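Enquirer: Just dropping this structure here.
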Amino acid sequence: MRYTAPVRDVVVIGGGVVGCAVAWRLSGTAARVTLIEAAHDLCEGASKGNTGIATSGGDCHPGTLELELVRRSSPGWEALCARLDTPFHRIGTLAVALTEEDERRLPELLRDAQDTGAAAEIVTGDQARGLEPLISEEARAALHFPDDGIIDSIRLTIGYAELAARNGVEVLRGAPVHSIERDGDRIVAVTAGDRWIATRSVVNAAGVEADTISRLAGGEQFRTWPRQGQYWLLDRELGGRFRKVVGGVPTPVTRGIYCVPTTNRSLLLGPTAVDREDRTDRAVDAETLDHVFDAAQRLVPSIAREYAIKTFASNRPASDPTYRIAVDAEVSNLVHAAGIRSTGVSSSPAVAEMVRGLLEGLGLPVGDQRPHAITELEPLPRLLGHPRPEQLFARDPRYGQVICACEQVTAAEIAAVHGMAVPPTSLEGVRKRTRATGGRCQGAFCLSGVSFLHSLHAGRRPPQIAVSEPEATLGIGAHDV
Amino acid sequence: MSDRPPVAIVGAGITGLACAHALRDVARVTVVDRVPVPGGVHGWEAAETRELAACGAQLRLGETAIRWDGLTLLAIGQDGPQQMGAAALVIATGARPLGRAELGIAGGRPAGIVAATVACHLAENGLLVGRRPLIVGGGDWAMRAVSELRAAGAERATLVCPDGLLRERPNDGAVHVREHDRVVSVAGTPRVRTATLASGETLGCDAVVLAHGVAALRNVDGAVWAGDRAVYAQPLADPATVAQARAAGAEAAAAVRSLIDREERP
């Protein structure tokens with residue numbers, strides 16, 4: 001067991017978008033903070049498997065905390081993403097009515113949307129096709145949310161954590177929480193991985209495991225469970241032609257399937273929403289995937305299987321109620337940031353500020369500014385789509401070595417992410433930070449090259465490098481010497 | 001001679017070189033390849049590589065073509081970015097086996113699902129991806145994967161051949177064959193443990209090597225699908241023999257000629 005000294009002011013449990021945002025926010029204050037994550041890397045749950053929509057709130061319910069936090073976050077995305085080297089584009093969403101029944105529901109949905117304070121308007125079928133020429137001829141009308149954006153949720157999550165780490169937040173990965181020690185109604189220490197960490201407070205941002213953390217702390221009993229979503233990822237040859245996020249008309253039961261152009265120009269189709277029991281299950285099935293594909297194709301007929309490059313599933317943390325952001329009723333220094341089901345990315349800056357406020361109310365030193373705290377990350381230029389590649393080459397000649405040909409990721413970019421405060425420790429970590437192996441050939445061409453570079457930078461022999469979790473090594477067997 | 005139009009070819013394998021050879025009298029040809037030697041999968045020592053590489057085309061080796069705007073190809077290499085104007089672009093970048101989504105393999109996302117191209121390359125470098133690999137496919141990539149992985153120390157291997165087009169039955173008691181069957185899903189955490197076949201059978205394995213089908217490598221932005229003066233020269237066969245590669249190169253050259261002729265006509 002290793003002991004962390006001195007005593008922490010705040011231990012943040014959970015390295016998803018919520019926990020990383022909290023760590024980022026606190027890193028600008030005088031508090032001593034440790035961020036802990038059970039998985040081998042940050043951003044391994046819902047934060048890496050979502051649509052990447054930063055909603056402006058038009059689809060949230062009026063009067064909810066969720067809406068309030070989404071609305072507080074929405075105007076600031078351009079400025080925040082510029083500081084966190086995270087791609088963001090405010091392109092807007094069209095909720096497309098394909099049937100008469102859909103069309104009849106639009107005025108009511110518009111009134112709901114207007115109650116949220118988000119910008120919204122009804123457009124005709126022709127106007128909708130003017131805004132997004134790819135949508136179906138069958139579109140009769142649409143509800144337009146011009147202030148919705150698309151964001152790279154992985155770069156956002158890792159950007160939050162990177163900036164936090166550079167401001168002195170200790171980031172522990174591969175550190176599942178084993179126990180939480182109490183003295184009376186207060187937590188005094190957390191045991192995670194091989195560490196015993198004395199602390200003055202704990203933030204529970206453990207996503208689908210938030211109920212487990214509360215139980216370990218002896219706090220309120222509530223239940224979180226995985227709501228599984230299945231997705232297709234399509235080639236940027238198609239995604240690059242999209243101008244809008246395209247969805248159907250939400251029903252009382254579901255928001256339906258979206259076609260979402262990503263910030264790296266690929267296209268996501270999804271998600272489904274099925275409550276599950278198994279928290280580790282991320283299996284896709286052919287029937288569900290067919291359903292997603294067909295629904296997307298009805299909205300945008302040019303969506304075709306030949307563009308498909310990947311299918312995947314992820315679990316967002318469902319709970320009842322959602323948005324449990326409060327000090328625990330039993331444990332006086334435990335702050336929950338739990339049950340943030342599907343708008344975690346969209347509300348993360350305001351959630352972080354709210355958590356900071358709760359901690360301040362507990363008397364923790366999160367009101368003062370840390371002197372010399374940095375507030376932005378230096379952007380790491382990417383070759384893909386760069387307007388002046390010769391400038392990159394002058395910066396680092398390794399921009400001349402394209403390793404992943406589909407996503408045009410260079411040796412310079414792979415080297416740079418390994419030099420970060422929270423570097424990748426697996427091939428999946430390299431993919432999340434650079435997109436290497438994430439393109440249309442899914443690594444068939446470049447996985448060996450990426451592996452050897454990661455091996456070099458991580459100082460581990462190629463057979464021992466991890467694909468994802470440490471025990472999932474790339475190599476196995478006889479030559480493992 | 002100097003008024004011949006410039007043509008850029010991406011890929012210095014037999015296909016690209018055969019195309020360059022066929023265009024030698026009608027165009028000023030530049031062949032770009034990311035690898036510093038010509039020959040592609042057939043190697044630089046092959047007689048055909050040497051014969052075709054001597055056709056007078058300019059070879060820009062060790063440069064990766066990344067962008068095409070219909071008039072100019074952007075490549076990047078040790079000397080930085082290079083722009084080259086071209087009346088036509090030929091993509092002869094070779095092929096890969098189909099990926100997991102393309103094969104419709106459902107299930108979780110365990111480690112150990114790798115393309116045959118990668119599994120073979122790693123095996124050649126002494127890195128074994130699985131002791132009991134399951135190999136999907138029956139063509140050249142599958143045969144290579146079986147022999148390379150066995151040579152690198154795999155204890156046993158199972159070939160699952162989806163279309164019944166098994167090239168040959170491996171003469172190796174440790175290699176089992178399932179013909180006319182395909183993998184429908186995989187399971188395991190964090191590494192793959194089982195694969196379920198369409199026949200309903202579930203097989204234990206510690207790697208699934210994808211070696212079935214052929215897809216073109218599409219890496220040049222602006223020419224990912226053919227169009228805008230871009231021609232694909234891809235012998236979509238597994239394996240592409242030298243003859244097939246030459247034929248694909250010649251066919252692409254004919255397409256380039258008609259493109260140039262059309263533009264030169266008033």
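Letters for chains follow the order of the structure tokens (A, B, ...), residue numbers begin at 1 for each chain, and ligand numbers begin at 1 in the order shown.
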Residues near Val35 in chain B, anyone? I mean within 12 Å using only C-alpha atoms, not counting same-chain ones fewer than 3 positions away, as JSON, numbers by chain.
Expert: {"A": [401, 402, 403], "B": [10, 11, 12, 13, 31, 32, 38, 39, 40, 41, 43, 44, 59, 60, 61, 62, 63, 64, 65, 77, 78, 93]}
Enquirer: Any chance you could tabulate, as a tab-separated table, the residues of chain A at most 6 Å from chain B with each one's nearest atom pair and distance in Å to one decimal, using only C-alpha atoms, in chain and rising number order?
Expert:
```
residue	atom	partner	partner_atom	distance
A:Arg282	CA	B:Gly108	CA	5.1
A:Ala283	CA	B:Gly108	CA	3.7
A:Val284	CA	B:Gly107	CA	5.0
A:Asp285	CA	B:Ala106	CA	5.2
A:Lys310	CA	B:Ala101	CA	5.0
A:Thr311	CA	B:Ala101	CA	5.9
A:Glu390	CA	B:Pro81	CA	5.8
A:Phe393	CA	B:Gly80	CA	5.7
A:Gly400	CA	B:Gly77	CA	4.4
A:Ala405	CA	B:Asn219	CA	5.7
A:Cys406	CA	B:Asn219	CA	5.0
A:Ala444	CA	B:Ala115	CA	5.1
A:Ser448	CA	B:Val118	CA	5.9
A:Pro463	CA	B:Leu127	CA	5.9
A:Ala472	CA	B:Arg191	CA	5.5
A:Gly475	CA	B:Val129	CA	4.7
A:Ile476	CA	B:Leu128	CA	5.5
A:Gly477	CA	B:Arg131	CA	5.7
A:Ala478	CA	B:Gly153	CA	5.2
A:His479	CA	B:Gly126	CA	5.8
```
Enquirer: Atoms to include: N, CA and C atoms. Write the selected residues as a PDB file, in the first residue's frame.
Expert:
```
ATOM      1  N   ARG A 282     -20.848  -4.551 -23.549  1.00  0.00           N
ATOM      2  CA  ARG A 282     -20.903  -3.560 -24.621  1.00  0.00           C
ATOM      3  C   ARG A 282     -21.088  -4.264 -25.956  1.00  0.00           C
ATOM      4  N   ALA A 283     -21.923  -5.297 -25.950  1.00  0.00           N
ATOM      5  CA  ALA A 283     -22.096  -6.096 -27.161  1.00  0.00           C
ATOM      6  C   ALA A 283     -23.107  -5.458 -28.101  1.00  0.00           C
ATOM      7  N   VAL A 284     -22.796  -5.515 -29.383  1.00  0.00           N
ATOM      8  CA  VAL A 284     -23.765  -5.113 -30.403  1.00  0.00           C
ATOM      9  C   VAL A 284     -24.434  -6.377 -30.949  1.00  0.00           C
ATOM     10  N   ASP A 285     -25.655  -6.217 -31.473  1.00  0.00           N
ATOM     11  CA  ASP A 285     -26.306  -7.334 -32.134  1.00  0.00           C
ATOM     12  C   ASP A 285     -26.855  -6.873 -33.479  1.00  0.00           C
ATOM     13  N   LYS A 310     -17.393   0.910 -38.605  1.00  0.00           N
ATOM     14  CA  LYS A 310     -17.323   0.359 -37.257  1.00  0.00           C
ATOM     15  C   LYS A 310     -18.721   0.354 -36.660  1.00  0.00           C
ATOM     16  N   THR A 311     -18.992  -0.621 -35.812  1.00  0.00           N
ATOM     17  CA  THR A 311     -20.195  -0.579 -34.984  1.00  0.00           C
ATOM     18  C   THR A 311     -19.737  -0.717 -33.532  1.00  0.00           C
ATOM     19  N   GLU A 390       3.120  22.722 -44.622  1.00  0.00           N
ATOM     20  CA  GLU A 390       4.556  23.058 -44.555  1.00  0.00           C
ATOM     21  C   GLU A 390       4.917  23.687 -43.204  1.00  0.00           C
ATOM     22  N   PHE A 393       5.591  20.869 -40.779  1.00  0.00           N
ATOM     23  CA  PHE A 393       6.869  20.221 -41.024  1.00  0.00           C
ATOM     24  C   PHE A 393       8.006  21.027 -40.395  1.00  0.00           C
ATOM     25  N   GLY A 400       6.210  14.590 -41.371  1.00  0.00           N
ATOM     26  CA  GLY A 400       6.406  13.973 -42.686  1.00  0.00           C
ATOM     27  C   GLY A 400       6.185  12.478 -42.689  1.00  0.00           C
ATOM     28  N   ALA A 405      -2.760   5.967 -42.258  1.00  0.00           N
ATOM     29  CA  ALA A 405      -3.029   6.618 -43.545  1.00  0.00           C
ATOM     30  C   ALA A 405      -4.480   7.084 -43.656  1.00  0.00           C
ATOM     31  N   CYS A 406      -5.420   6.340 -43.100  1.00  0.00           N
ATOM     32  CA  CYS A 406      -6.836   6.730 -43.233  1.00  0.00           C
ATOM     33  C   CYS A 406      -7.114   8.060 -42.540  1.00  0.00           C
ATOM     34  N   ALA A 444      -6.110  -2.090 -40.153  1.00  0.00           N
ATOM     35  CA  ALA A 444      -5.585  -3.189 -40.982  1.00  0.00           C
ATOM     36  C   ALA A 444      -4.253  -2.799 -41.610  1.00  0.00           C
ATOM     37  N   SER A 448       0.338  -2.148 -36.840  1.00  0.00           N
ATOM     38  CA  SER A 448       1.710  -2.526 -36.474  1.00  0.00           C
ATOM     39  C   SER A 448       2.561  -1.282 -36.254  1.00  0.00           C
ATOM     40  N   PRO A 463       5.378  -6.920 -27.456  1.00  0.00           N
ATOM     41  CA  PRO A 463       4.363  -7.893 -27.021  1.00  0.00           C
ATOM     42  C   PRO A 463       3.637  -7.465 -25.752  1.00  0.00           C
ATOM     43  N   ALA A 472      -4.812  -7.070 -21.390  1.00  0.00           N
ATOM     44  CA  ALA A 472      -5.105  -7.342 -22.798  1.00  0.00           C
ATOM     45  C   ALA A 472      -3.927  -6.879 -23.639  1.00  0.00           C
ATOM     46  N   GLY A 475       0.596  -8.912 -27.654  1.00  0.00           N
ATOM     47  CA  GLY A 475       1.229 -10.195 -27.953  1.00  0.00           C
ATOM     48  C   GLY A 475       0.936 -11.215 -26.880  1.00  0.00           C
ATOM     49  N   ILE A 476       1.177 -12.451 -27.244  1.00  0.00           N
ATOM     50  CA  ILE A 476       0.888 -13.568 -26.352  1.00  0.00           C
ATOM     51  C   ILE A 476       1.787 -14.689 -26.855  1.00  0.00           C
ATOM     52  N   GLY A 477       2.189 -15.606 -25.984  1.00  0.00           N
ATOM     53  CA  GLY A 477       2.750 -16.841 -26.523  1.00  0.00           C
ATOM     54  C   GLY A 477       4.255 -16.956 -26.581  1.00  0.00           C
ATOM     55  N   ALA A 478       4.690 -17.819 -27.492  1.00  0.00           N
ATOM     56  CA  ALA A 478       6.033 -18.380 -27.470  1.00  0.00           C
ATOM     57  C   ALA A 478       7.159 -17.342 -27.527  1.00  0.00           C
ATOM     58  N   HIS A 479       6.952 -16.297 -28.319  1.00  0.00           N
ATOM     59  CA  HIS A 479       8.038 -15.331 -28.479  1.00  0.00           C
ATOM     60  C   HIS A 479       8.034 -14.277 -27.388  1.00  0.00           C
TER      61      HIS A 479
END
```
Enquirer: Give me, as a ChimeraX atom specification, the residues of range 66-259 of chain B that a backbone DSSP run labels strand (DSSP E).
Expert: /B:66-68,72-77,80-85,88-91,95-96,106-107,113-115,133-136,157-161,175-179,183-187,194-197,202-204,207-210,215-216,230-232
Enquirer: May I ask for the distance between CA of Ser346 in chain A and CA of Met420 in chain A, given in Å to one decimal place?
Expert: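 So the answer is 25.3 Å.
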Enquirer: Nearest to Lys48 in chain A among A:Ala313, A:Val203, A:Val22, A:Ala128, with distances taken over only C-alpha atoms: which residue is it?
Expert: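 Looking at the shortest contact to Lys48 in chain A, the residue is A:Ala313.
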Enquirer: For the atom pair CA of Arg227 in chain A and CA of Val274 in chain A, what is the interatomic distance in Å to one decimal place?
Expert: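 One can read the CA of Arg227 in chain A to CA of Val274 in chain A distance as 5.3 Å.
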Enquirer: Please report, as CSV, each residue of range 93-193 of chain B lying at most 7 Å from range 228-250 of chain B, together with the nearest pair of atoms and the separation in Å rounded to one decimal; use only C-alpha atoms, and order rows by chain and ascending residue number.
Expert:
```
residue,atom,partner,partner_atom,distance
B:Gly94,CA,B:Gln234,CA,6.2
B:Gly139,CA,B:Asp238,CA,6.1
B:Asp140,CA,B:Pro239,CA,5.4
```
Enquirer: Can you spit out the residues from that selection as a PDB file, in the first residue's frame, using N, CA, C and O atoms?
Expert:
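Now in again-v4.pdb:
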```
ATOM      1  N   GLY B  94      -3.383  -0.732 -53.308  1.00  0.00           N
ATOM      2  CA  GLY B  94      -3.510  -2.076 -52.787  1.00  0.00           C
ATOM      3  C   GLY B  94      -4.780  -2.284 -51.988  1.00  0.00           C
ATOM      4  O   GLY B  94      -5.670  -1.433 -51.982  1.00  0.00           O
ATOM      5  N   GLY B 139      -8.563 -17.593 -48.293  1.00  0.00           N
ATOM      6  CA  GLY B 139      -7.703 -17.216 -49.413  1.00  0.00           C
ATOM      7  C   GLY B 139      -6.263 -17.029 -48.981  1.00  0.00           C
ATOM      8  O   GLY B 139      -5.814 -17.593 -47.982  1.00  0.00           O
ATOM      9  N   ASP B 140      -5.569 -16.199 -49.733  1.00  0.00           N
ATOM     10  CA  ASP B 140      -4.136 -16.030 -49.529  1.00  0.00           C
ATOM     11  C   ASP B 140      -3.815 -15.456 -48.156  1.00  0.00           C
ATOM     12  O   ASP B 140      -2.928 -15.945 -47.463  1.00  0.00           O
TER      13      ASP B 140
END
```
Enquirer: Counting only C-alpha atoms, which of A:Asp85, A:Glu101, A:Glu44, A:Glu209 gets nearest to Arg155 in chain A?
Expert: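 Nearest to Arg155 in chain A: A:Asp85.
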Enquirer: Neighbours of Arg435 in chain A within 8 Å (only C-alpha atoms; same-chain residues fewer than 5 positions away dropped), as a PDB file with all heavy atoms, in the first residue's frame?
Expert:
```
ATOM      1  N   GLU A 407      -6.632   8.201 -41.311  1.00  0.00           N
ATOM      2  CA  GLU A 407      -6.879   9.419 -40.546  1.00  0.00           C
ATOM      3  C   GLU A 407      -5.698  10.381 -40.654  1.00  0.00           C
ATOM      4  O   GLU A 407      -5.707  11.440 -40.023  1.00  0.00           O
ATOM      5  CB  GLU A 407      -7.163   9.082 -39.083  1.00  0.00           C
ATOM      6  CG  GLU A 407      -8.450   8.286 -38.876  1.00  0.00           C
ATOM      7  CD  GLU A 407      -9.697   9.062 -39.278  1.00  0.00           C
ATOM      8  OE1 GLU A 407      -9.831  10.225 -38.868  1.00  0.00           O
ATOM      9  OE2 GLU A 407     -10.527   8.505 -40.018  1.00  0.00           O
ATOM     10  N   VAL A 409      -2.636  10.380 -39.492  1.00  0.00           N
ATOM     11  CA  VAL A 409      -2.001  10.702 -38.216  1.00  0.00           C
ATOM     12  C   VAL A 409      -0.498  10.475 -38.367  1.00  0.00           C
ATOM     13  O   VAL A 409      -0.076   9.415 -38.838  1.00  0.00           O
ATOM     14  CB  VAL A 409      -2.547   9.817 -37.079  1.00  0.00           C
ATOM     15  CG1 VAL A 409      -1.910  10.203 -35.755  1.00  0.00           C
ATOM     16  CG2 VAL A 409      -4.059   9.922 -37.000  1.00  0.00           C
ATOM     17  N   VAL A 430      -3.986   5.686 -27.480  1.00  0.00           N
ATOM     18  CA  VAL A 430      -3.408   6.408 -28.625  1.00  0.00           C
ATOM     19  C   VAL A 430      -4.526   6.775 -29.602  1.00  0.00           C
ATOM     20  O   VAL A 430      -4.591   7.888 -30.116  1.00  0.00           O
ATOM     21  CB  VAL A 430      -2.327   5.557 -29.334  1.00  0.00           C
ATOM     22  CG1 VAL A 430      -1.810   6.278 -30.577  1.00  0.00           C
ATOM     23  CG2 VAL A 430      -1.182   5.240 -28.385  1.00  0.00           C
TER      24      VAL A 430
END
```
Enquirer: Have a look at CA of Thr194 in chain B and CA of Glu471 in chain A and let me know their distance in Å, one decimal.
Expert: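 Between these atoms lies a distance of 17.0 Å.
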Enquirer: Taking 5 positions as the minimum chain separation for residues in the same chain, which residues sit within 10 Å of range 240-251 of chain A when counting only C-alpha atoms? Answer as a count of residues only.
Expert: 55
Enquirer: Assign secondary structure with DSSP using the backbone only, and return the residues of range 52-148 of chain B in alpha helix (DSSP H) as a list in words.
Expert: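 DSSP-assigned alpha helix (DSSP H) residues in range 52-148 of chain B: Leu52, Ala53, Arg100, Ala101, Glu102, Leu103, Ala116, Thr117, Val118, Ala119, Cys120, His121, Leu122, Ala123, Glu124, Asp140, Trp141, Ala142, Met143, Arg144, Ala145, Val146, Ser147 and Glu148 of chain B.
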Enquirer: With C-alpha atoms retained, export the selected residues as a PDB file, in the first residue's frame.
Expert:
```
ATOM      1  CA  LEU B  52       8.428  -2.026 -64.839  1.00  0.00           C
ATOM      2  CA  ALA B  53      10.293   0.400 -62.566  1.00  0.00           C
ATOM      3  CA  ARG B 100     -15.231  -6.412 -38.350  1.00  0.00           C
ATOM      4  CA  ALA B 101     -18.171  -4.151 -39.200  1.00  0.00           C
ATOM      5  CA  GLU B 102     -17.878  -5.094 -42.868  1.00  0.00           C
ATOM      6  CA  LEU B 103     -18.040  -8.766 -41.912  1.00  0.00           C
ATOM      7  CA  ALA B 116      -4.472 -10.632 -41.084  1.00  0.00           C
ATOM      8  CA  THR B 117      -2.185  -7.968 -42.539  1.00  0.00           C
ATOM      9  CA  VAL B 118      -1.313  -6.892 -39.001  1.00  0.00           C
ATOM     10  CA  ALA B 119      -1.161 -10.397 -37.503  1.00  0.00           C
ATOM     11  CA  CYS B 120       1.315 -11.489 -40.217  1.00  0.00           C
ATOM     12  CA  HIS B 121       3.450  -8.374 -39.913  1.00  0.00           C
ATOM     13  CA  LEU B 122       3.640  -8.777 -36.144  1.00  0.00           C
ATOM     14  CA  ALA B 123       4.366 -12.511 -36.440  1.00  0.00           C
ATOM     15  CA  GLU B 124       7.256 -11.777 -38.822  1.00  0.00           C
ATOM     16  CA  ASP B 140      -4.136 -16.030 -49.529  1.00  0.00           C
ATOM     17  CA  TRP B 141      -4.293 -13.849 -46.436  1.00  0.00           C
ATOM     18  CA  ALA B 142      -5.800 -16.720 -44.456  1.00  0.00           C
ATOM     19  CA  MET B 143      -3.180 -19.205 -45.671  1.00  0.00           C
ATOM     20  CA  ARG B 144      -0.393 -16.773 -44.857  1.00  0.00           C
ATOM     21  CA  ALA B 145      -1.848 -16.067 -41.429  1.00  0.00           C
ATOM     22  CA  VAL B 146      -2.042 -19.792 -40.642  1.00  0.00           C
ATOM     23  CA  SER B 147       1.547 -20.467 -41.595  1.00  0.00           C
ATOM     24  CA  GLU B 148       3.010 -17.284 -40.074  1.00  0.00           C
TER      25      GLU B 148
END
```
